[in-house]
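Novice: Pasting model.csv here (CSV, C-alpha atoms):
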```
chain,number,residue,atom,x,y,z
S,1,GLN,CA,74.0,-62.1,-45.8
S,2,ALA,CA,71.7,-62.7,-48.7
S,3,SER,CA,70.6,-60.5,-51.5
S,4,PHE,CA,67.7,-61.2,-53.9
S,5,SER,CA,67.0,-59.1,-56.9
S,6,HIS,CA,64.6,-61.2,-59.0
S,7,VAL,CA,62.0,-61.9,-56.4
S,8,ARG,CA,58.9,-60.0,-55.3
S,9,LEU,CA,56.2,-60.6,-52.8
S,10,SER,CA,52.9,-60.1,-54.7
S,11,HIS,CA,50.1,-60.8,-52.2
S,12,VAL,CA,49.8,-61.1,-48.4
S,13,LEU,CA,46.6,-62.3,-46.7
S,14,THR,CA,45.9,-62.8,-43.0
S,15,ILE,CA,43.2,-65.3,-41.8
S,16,VAL,CA,42.3,-65.5,-38.1
S,17,PRO,CA,39.8,-67.8,-36.4
S,18,GLN,CA,36.4,-66.3,-35.4
S,19,ASN,CA,36.7,-66.5,-31.6
S,20,LEU,CA,37.9,-63.1,-30.4
S,21,ILE,CA,39.2,-63.1,-26.8
S,22,ASN,CA,39.9,-60.1,-24.6
S,23,ILE,CA,43.0,-61.1,-22.6
S,24,ASP,CA,41.7,-59.1,-19.6
S,25,ASN,CA,39.1,-61.8,-19.2
S,26,GLU,CA,41.9,-64.4,-18.8
S,27,LEU,CA,43.4,-62.9,-15.7
S,28,ASN,CA,42.3,-65.7,-13.4
S,29,THR,CA,42.7,-68.5,-16.0
S,30,ARG,CA,45.6,-68.1,-18.3
S,31,TYR,CA,47.5,-65.6,-16.1
S,32,LYS,CA,46.6,-67.3,-12.8
S,33,GLY,CA,45.6,-64.0,-11.2
S,34,ASP,CA,49.0,-62.4,-11.9
S,35,ALA,CA,47.8,-58.9,-12.9
S,36,LYS,CA,51.4,-57.7,-13.2
S,37,LYS,CA,52.2,-60.4,-15.8
S,38,LEU,CA,49.1,-59.5,-17.7
S,39,SER,CA,49.9,-55.8,-17.6
S,40,GLN,CA,53.5,-56.6,-18.9
S,41,ILE,CA,52.1,-58.6,-21.8
S,42,LYS,CA,49.8,-55.8,-22.8
S,43,LYS,CA,52.5,-53.2,-22.5
S,44,ASN,CA,55.5,-55.1,-24.1
S,45,VAL,CA,53.6,-57.0,-26.8
S,46,GLY,CA,50.8,-54.5,-27.4
S,47,LEU,CA,48.3,-57.4,-27.0
S,48,GLN,CA,44.7,-56.7,-25.9
S,49,TYR,CA,42.8,-59.3,-28.0
S,50,ARG,CA,43.7,-62.6,-29.5
S,51,TYR,CA,41.9,-65.0,-31.8
S,52,GLU,CA,41.5,-68.6,-30.9
S,53,ALA,CA,40.6,-71.6,-33.1
S,54,ASP,CA,38.0,-74.0,-31.9
S,55,GLN,CA,38.9,-77.7,-31.4
S,56,GLU,CA,37.8,-78.6,-34.9
S,57,THR,CA,39.7,-76.0,-36.9
S,58,THR,CA,43.1,-77.1,-38.1
S,59,ALA,CA,46.1,-75.3,-39.6
S,60,SER,CA,45.2,-76.6,-43.0
S,61,ASP,CA,41.6,-75.4,-42.7
S,62,LEU,CA,42.9,-71.8,-42.2
S,63,GLY,CA,45.4,-72.2,-45.0
S,64,GLU,CA,42.9,-73.7,-47.4
S,65,TYR,CA,40.4,-70.8,-46.7
S,66,GLY,CA,43.1,-68.2,-47.3
S,67,ALA,CA,44.4,-69.9,-50.4
S,68,LYS,CA,41.0,-70.0,-52.0
S,69,ILE,CA,40.5,-66.3,-51.3
S,70,LEU,CA,43.9,-65.6,-53.0
S,71,PHE,CA,42.9,-67.8,-56.0
S,72,ASP,CA,39.5,-66.1,-56.4
S,73,GLU,CA,40.1,-62.5,-55.5
S,74,PHE,CA,43.4,-62.1,-57.1
S,75,GLN,CA,42.7,-64.3,-60.1
S,76,ILE,CA,45.7,-66.6,-59.3
S,77,ASP,CA,45.7,-69.7,-61.4
S,78,LYS,CA,46.5,-72.5,-59.0
S,79,ASN,CA,48.0,-74.5,-61.8
S,80,SER,CA,50.7,-71.8,-62.2
S,81,LEU,CA,52.1,-72.6,-58.8
S,82,ASP,CA,55.5,-74.3,-58.7
S,83,ALA,CA,55.4,-75.0,-55.0
S,84,ILE,CA,53.3,-74.8,-51.9
S,85,ILE,CA,55.2,-74.5,-48.6
S,86,VAL,CA,53.6,-74.5,-45.2
S,87,CYS,CA,55.2,-73.3,-42.0
S,88,THR,CA,53.4,-74.7,-38.9
S,89,GLN,CA,54.2,-76.1,-35.5
S,90,THR,CA,50.7,-77.5,-35.2
S,91,PRO,CA,50.3,-79.7,-38.3
S,92,ASP,CA,47.1,-81.6,-38.9
S,93,PHE,CA,49.0,-84.9,-38.8
S,94,PHE,CA,52.5,-86.1,-38.3
S,95,MET,CA,52.3,-87.6,-41.8
S,96,PRO,CA,51.5,-86.4,-44.4
S,97,PRO,CA,53.0,-83.0,-44.1
S,98,THR,CA,50.4,-80.2,-44.1
S,99,ALA,CA,51.6,-78.9,-47.4
S,100,CYS,CA,51.1,-82.2,-49.0
S,101,TYR,CA,47.6,-82.5,-47.4
S,102,LEU,CA,46.7,-79.0,-48.7
S,103,HIS,CA,48.1,-79.9,-52.1
S,104,GLY,CA,45.4,-82.5,-52.4
S,105,LYS,CA,42.6,-80.4,-50.7
S,106,LEU,CA,43.4,-77.5,-53.2
S,107,ASN,CA,43.6,-79.9,-56.1
S,108,LEU,CA,47.0,-78.5,-57.2
S,109,ASN,CA,48.9,-79.7,-60.2
S,110,GLU,CA,50.8,-83.0,-59.6
S,111,LYS,CA,54.1,-81.2,-60.6
S,112,THR,CA,53.7,-78.7,-57.8
S,113,LEU,CA,56.3,-79.2,-55.0
S,114,ALA,CA,54.9,-79.5,-51.5
S,115,PHE,CA,56.8,-79.4,-48.2
S,116,ASP,CA,56.6,-78.1,-44.6
S,117,ILE,CA,58.9,-76.0,-42.6
S,118,ASN,CA,58.8,-76.6,-38.9
S,119,GLN,CA,60.0,-73.4,-37.2
S,120,SER,CA,58.7,-71.3,-34.4
S,121,CYS,CA,58.7,-67.5,-34.4
S,122,ALA,CA,61.4,-67.2,-37.1
S,123,GLY,CA,59.4,-69.6,-39.4
S,124,TYR,CA,58.1,-66.8,-41.5
S,125,VAL,CA,61.6,-65.4,-42.1
S,126,TYR,CA,63.0,-68.8,-42.8
S,127,GLY,CA,60.2,-69.5,-45.2
S,128,LEU,CA,60.7,-66.3,-47.1
S,129,TYR,CA,64.4,-67.0,-47.3
S,130,THR,CA,63.7,-70.5,-48.7
S,131,ILE,CA,61.1,-69.2,-51.2
S,132,TYR,CA,63.3,-66.3,-52.3
S,133,SER,CA,66.2,-68.7,-52.8
S,134,MET,CA,64.1,-71.1,-54.9
S,135,ILE,CA,62.9,-68.3,-57.1
S,136,GLU,CA,66.3,-66.5,-57.3
S,137,ASN,CA,68.0,-69.7,-58.5
S,138,GLY,CA,65.4,-70.3,-61.2
S,139,SER,CA,63.9,-73.5,-59.9
S,140,CYS,CA,60.5,-71.9,-59.2
S,141,LYS,CA,58.6,-68.9,-60.4
S,142,LYS,CA,55.5,-68.8,-58.2
S,143,ILE,CA,55.2,-70.2,-54.7
S,144,LEU,CA,52.3,-70.2,-52.3
S,145,PHE,CA,53.6,-69.8,-48.7
S,146,ILE,CA,51.2,-70.5,-45.8
S,147,CYS,CA,52.1,-69.9,-42.2
S,148,GLY,CA,49.6,-71.0,-39.7
S,149,ASP,CA,49.1,-72.5,-36.3
S,150,THR,CA,46.3,-73.5,-34.0
S,151,TRP,CA,47.9,-73.3,-30.6
S,152,SER,CA,44.6,-72.9,-28.8
S,153,LYS,CA,44.1,-76.7,-29.2
```
Any chance you could give the structure as structure tokens?

Specialist:
Amino acid sequence: QASFSHVRLSHVLTIVPQNLINIDNELNTRYKGDAKKLSQIKKNVGLQYRYEADQETTASDLGEYGAKILFDEFQIDKNSLDAIIVCTQTPDFFMPPTACYLHGKLNLNEKTLAFDINQSCAGYVYGLYTIYSMIENGSCKKILFICGDTWSK
């Protein structure tokens, strides 16, 4: 059990690719004609539409786009960031980590920490735990956390 009393989440932003897909149209492709399976997905997950990245869009592209919106619309000084952490299972490259690549693309301060977390569904929770721990123990004050994947590739 963990308890955090000196941490707050200040902004949340969601970026999705432009290609909107109605999953009913995937009955004979993705679901191989299995109408029962498609119906279960729709009922259990509540999914009717999904967004798909094109072959050129990367996890860092989505993260960079979102970060720039945060910087501009919420007047966040990128030089005030102590760390950038990226949670992805579809990194742009094996090396460098996506966070380090974004560090350069966003032209962050050289003192800003950068690292990736490679987790699946629980990655967001693990990332928040890591971030909250870093802030709670005083090693960081402001962290940019980016979760993103491009599974469609």

Novice: Which polymer residues, protein or nucleic acid, are no farther than 12 Å from (58.8, -71.3, -57.5), counting all atoms listed in the file, as a PDB file with C-alpha atoms, in the frame of the given file?

Specialist:
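Saved the output as result.pdb:
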```pdb
ATOM      1  CA  HIS S   6      64.600 -61.200 -59.000  1.00  0.00           C
ATOM      2  CA  VAL S   7      62.000 -61.900 -56.400  1.00  0.00           C
ATOM      3  CA  ARG S   8      58.900 -60.000 -55.300  1.00  0.00           C
ATOM      4  CA  LEU S   9      56.200 -60.600 -52.800  1.00  0.00           C
ATOM      5  CA  SER S  80      50.700 -71.800 -62.200  1.00  0.00           C
ATOM      6  CA  LEU S  81      52.100 -72.600 -58.800  1.00  0.00           C
ATOM      7  CA  ASP S  82      55.500 -74.300 -58.700  1.00  0.00           C
ATOM      8  CA  ALA S  83      55.400 -75.000 -55.000  1.00  0.00           C
ATOM      9  CA  ILE S  84      53.300 -74.800 -51.900  1.00  0.00           C
ATOM     10  CA  ILE S  85      55.200 -74.500 -48.600  1.00  0.00           C
ATOM     11  CA  LYS S 111      54.100 -81.200 -60.600  1.00  0.00           C
ATOM     12  CA  THR S 112      53.700 -78.700 -57.800  1.00  0.00           C
ATOM     13  CA  LEU S 113      56.300 -79.200 -55.000  1.00  0.00           C
ATOM     14  CA  ALA S 114      54.900 -79.500 -51.500  1.00  0.00           C
ATOM     15  CA  LEU S 128      60.700 -66.300 -47.100  1.00  0.00           C
ATOM     16  CA  THR S 130      63.700 -70.500 -48.700  1.00  0.00           C
ATOM     17  CA  ILE S 131      61.100 -69.200 -51.200  1.00  0.00           C
ATOM     18  CA  TYR S 132      63.300 -66.300 -52.300  1.00  0.00           C
ATOM     19  CA  SER S 133      66.200 -68.700 -52.800  1.00  0.00           C
ATOM     20  CA  MET S 134      64.100 -71.100 -54.900  1.00  0.00           C
ATOM     21  CA  ILE S 135      62.900 -68.300 -57.100  1.00  0.00           C
ATOM     22  CA  GLU S 136      66.300 -66.500 -57.300  1.00  0.00           C
ATOM     23  CA  ASN S 137      68.000 -69.700 -58.500  1.00  0.00           C
ATOM     24  CA  GLY S 138      65.400 -70.300 -61.200  1.00  0.00           C
ATOM     25  CA  SER S 139      63.900 -73.500 -59.900  1.00  0.00           C
ATOM     26  CA  CYS S 140      60.500 -71.900 -59.200  1.00  0.00           C
ATOM     27  CA  LYS S 141      58.600 -68.900 -60.400  1.00  0.00           C
ATOM     28  CA  LYS S 142      55.500 -68.800 -58.200  1.00  0.00           C
ATOM     29  CA  ILE S 143      55.200 -70.200 -54.700  1.00  0.00           C
ATOM     30  CA  LEU S 144      52.300 -70.200 -52.300  1.00  0.00           C
ATOM     31  CA  PHE S 145      53.600 -69.800 -48.700  1.00  0.00           C
TER      32      PHE S 145
END
```

Novice: Could you tell me which of S:Gly127, S:Gly46, S:Pro91, S:Pro97 comes closest to Ala59 of chain S if we count all atoms listed in the file?

Specialist: S:Pro91

Novice: Could you check the closest approach to Thr58 of chain S for each of S:Asp34, S:Asp92, S:Asp116, S:Asp77 and tell me which residue wins, using all atoms listed in the file?

Specialist: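 Answer, going by the shortest atom-to-atom distance: S:Asp92.
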
Novice: For Val16 of chain S, which residue among S:Thr98, S:Gln119, S:Thr57, S:Asn79 is the nearest when counting all atoms listed in the file?

Specialist: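 Result for the nearest residue to Val16 of chain S: S:Thr57.
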
Novice: Atom CA of Thr88 of chain S and atom CA of Arg50 of chain S are how many Å apart?

Specialist: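 Computing the Euclidean distance for atom CA of Thr88 of chain S and atom CA of Arg50 of chain S yields 18.1 Å.
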